[in-house]
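> Provided herewith: coords.cif, mmCIF, C-alpha atoms.
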data_my_file
#
loop_
_atom_site.label_atom_id
_atom_site.label_comp_id
_atom_site.auth_asym_id
_atom_site.auth_seq_id
_atom_site.Cartn_x
_atom_site.Cartn_y
_atom_site.Cartn_z
CA MET A 734 -11.31 19.70 10.93
CA ALA A 735 -8.77 21.90 9.19
CA LYS A 736 -5.91 20.20 7.37
CA LYS A 737 -2.49 21.23 6.05
CA ARG A 738 -0.48 19.64 3.23
CA LEU A 739 2.75 18.45 4.85
CA PHE A 740 6.05 17.10 3.62
CA VAL A 741 9.52 16.39 4.97
CA GLY A 742 12.24 18.24 3.10
CA THR A 743 15.11 20.69 3.16
CA LEU A 744 15.52 24.19 1.88
CA THR A 745 18.30 24.86 -0.61
CA SER A 746 20.61 27.76 -1.32
CA VAL A 747 19.73 30.52 -3.77
CA SER A 748 22.79 29.63 -5.88
CA GLY A 749 21.62 26.01 -6.02
CA ILE A 750 18.17 27.11 -7.07
CA GLU A 751 19.61 29.15 -9.94
CA ILE A 752 21.69 26.21 -11.20
CA VAL A 753 18.65 23.93 -11.28
CA ARG A 754 16.38 26.62 -12.72
CA GLU A 755 18.79 27.40 -15.58
CA LYS A 756 19.08 23.72 -16.48
CA ILE A 757 15.34 23.14 -16.41
CA GLU A 758 14.66 26.26 -18.48
CA SER A 759 17.23 25.13 -21.08
CA LEU A 760 15.26 21.88 -21.46
CA LYS A 761 12.13 23.89 -22.39
CA ILE A 762 10.03 22.11 -19.78
CA SER A 763 6.88 24.03 -18.97
CA GLY A 764 5.86 24.61 -15.41
CA LYS A 765 5.31 27.21 -12.75
CA TRP A 766 8.06 28.22 -10.34
CA VAL A 767 7.29 29.00 -6.72
CA GLU A 768 8.96 31.91 -4.93
CA LYS A 769 12.68 31.32 -4.36
CA LYS A 770 12.23 31.35 -0.59
CA ASN A 771 9.85 28.37 -0.89
CA ILE A 772 11.98 26.12 -3.12
CA HIS A 773 13.01 22.92 -1.38
CA PHE A 774 13.77 19.26 -1.89
CA THR A 775 10.96 16.98 -0.77
CA TYR A 776 11.96 13.66 0.76
CA ARG A 777 8.53 12.48 1.79
CA PHE A 778 5.08 13.90 1.14
CA LEU A 779 2.87 13.32 4.18
CA GLY A 780 -0.38 14.41 2.57
CA ASP A 781 -3.26 16.34 4.09
CA VAL A 782 -2.82 16.16 7.86
CA GLU A 783 -5.24 17.36 10.53
CA GLU A 784 -3.81 20.46 12.20
CA GLU A 785 -4.04 19.00 15.69
CA LYS A 786 -1.64 16.19 14.65
CA ILE A 787 1.08 18.51 13.29
CA SER A 788 2.91 19.11 16.58
CA GLN A 789 2.88 15.37 17.33
CA ILE A 790 4.38 14.61 13.90
CA GLY A 791 6.97 17.36 14.38
CA GLN A 792 8.03 15.94 17.74
CA MET A 793 8.26 12.43 16.32
CA LEU A 794 10.46 13.66 13.46
CA ARG A 795 12.71 15.61 15.86
CA ASN A 796 13.15 12.46 17.96
CA ARG A 797 13.86 10.22 14.97
CA LEU A 798 16.27 12.68 13.34
CA LYS A 799 18.14 13.67 16.49
CA GLY A 800 21.85 13.77 15.67
CA VAL A 801 21.27 13.35 11.92
CA LYS A 802 22.98 16.06 9.89
CA ALA A 803 21.29 17.69 6.93
CA PRO A 804 22.50 16.29 3.61
CA VAL A 805 25.00 18.16 1.46
CA ILE A 806 23.55 18.60 -2.01
CA SER A 807 25.88 18.95 -5.00
CA TYR A 808 24.62 20.43 -8.24
CA ARG A 809 26.70 18.74 -10.91
CA GLY A 810 25.91 16.41 -13.74
CA LEU A 811 22.38 17.72 -14.16
CA GLY A 812 20.69 16.77 -17.39
#
Before we go any further, please render this structure as structure tokens.

Amino acid sequence: MAKKRLFVGTLTSVSGIEIVREKIESLKISGKWVEKKNIHFTYRFLGDVEEEKISQIGQMLRNRLKGVKAPVISYRGLG
């Protein structure tokens, strides 16, 4: 059975990405950046999930998060 690596998270703005990227680069921490369009904040890593369970998980999350607004993320005080 095919699996996908899943997580629960939110995308962030390009300006937010640049703020975080500049701070991390100034700390001289090595690492590899993903494409800007793929940068996100992960709240929960779900692991390797069988593809046939993905729609069920998505529906469960939609039900549980109904009416919950996305968080507002402030980029201040980093470092």
> Which distance in Å separates CA of Thr743 (chain A) and CA of Thr775 (chain A), to one decimal?
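Separation of CA of Thr743 (chain A) and CA of Thr775 (chain A): 6.8 Å.
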> Output the residue selection produced by the PyMOL selection byres ((chain A and resi 738) around 10) on the file above, formatted as a JSON list (two decimals) with C-alpha atoms, in the frame of the given file.

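This is the output file expr17.json:
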[["chain", "number", "residue", "atom", "x", "y", "z"],
["A", 736, "LYS", "CA", -5.91, 20.20, 7.37],
["A", 737, "LYS", "CA", -2.49, 21.23, 6.05],
["A", 739, "LEU", "CA", 2.75, 18.45, 4.85],
["A", 740, "PHE", "CA", 6.05, 17.10, 3.62],
["A", 778, "PHE", "CA", 5.08, 13.90, 1.14],
["A", 779, "LEU", "CA", 2.87, 13.32, 4.18],
["A", 780, "GLY", "CA", -0.38, 14.41, 2.57],
["A", 781, "ASP", "CA", -3.26, 16.34, 4.09],
["A", 782, "VAL", "CA", -2.82, 16.16, 7.86],
["A", 783, "GLU", "CA", -5.24, 17.36, 10.53],
["A", 784, "GLU", "CA", -3.81, 20.46, 12.20]]
> CA of Arg777 (chain A) and CA of Gly742 (chain A) are how many Å apart?
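About the pair CA of Arg777 (chain A) and CA of Gly742 (chain A): they are 7.0 Å apart.
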> What does the distance between CA of Ile752 (chain A) and CA of Pro804 (chain A) come to in Å, to one decimal place?
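About the pair CA of Ile752 (chain A) and CA of Pro804 (chain A): they are 17.8 Å apart.
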> May I ask which of the residues A:Val753, A:Val767, A:Ile772, A:Ile790 is the closest one to Ser807 (chain A), counting all atoms listed in the file?
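Smallest separation from Ser807 (chain A) among the options: A:Val753.
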> For the file shown, report as a list in words the outcome of the PyMOL selection byres ((chain A and resi 747) around 12) at residue level.
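Answer for the PyMOL selection byres ((chain A and resi 747) around 12): Leu744, Thr745, Ser746, Ser748, Gly749, Ile750, Glu751, Ile752, Val753, Arg754, Glu768, Lys769, Lys770, Asn771, Ile772 and His773 of chain A.
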> Would you output that residue set with C-alpha atoms, as a short mmCIF file (atom, residue, chain, number, x, y, z; two decimals), keeping the file's coordinate frame?

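Below you can see part12.cif, which holds the result:
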data_model
loop_
_atom_site.label_atom_id
_atom_site.label_comp_id
_atom_site.auth_asym_id
_atom_site.auth_seq_id
_atom_site.Cartn_x
_atom_site.Cartn_y
_atom_site.Cartn_z
CA LEU A 744 15.52 24.19 1.88
CA THR A 745 18.30 24.86 -0.61
CA SER A 746 20.61 27.76 -1.32
CA SER A 748 22.79 29.63 -5.88
CA GLY A 749 21.62 26.01 -6.02
CA ILE A 750 18.17 27.11 -7.07
CA GLU A 751 19.61 29.15 -9.94
CA ILE A 752 21.69 26.21 -11.20
CA VAL A 753 18.65 23.93 -11.28
CA ARG A 754 16.38 26.62 -12.72
CA GLU A 768 8.96 31.91 -4.93
CA LYS A 769 12.68 31.32 -4.36
CA LYS A 770 12.23 31.35 -0.59
CA ASN A 771 9.85 28.37 -0.89
CA ILE A 772 11.98 26.12 -3.12
CA HIS A 773 13.01 22.92 -1.38
#
> Would you compute an axis-aligned box for region 775-790 of chain A, covering every atom listed for it in the file with 3 Å of margin on each side, and report centre and edge lengths in Å to one decimal as lines of an AutoDock Vina configuration file?

center_x = 3.4
center_y = 16.5
center_z = 8.3
size_x = 23.2
size_y = 14.0
size_z = 24.1
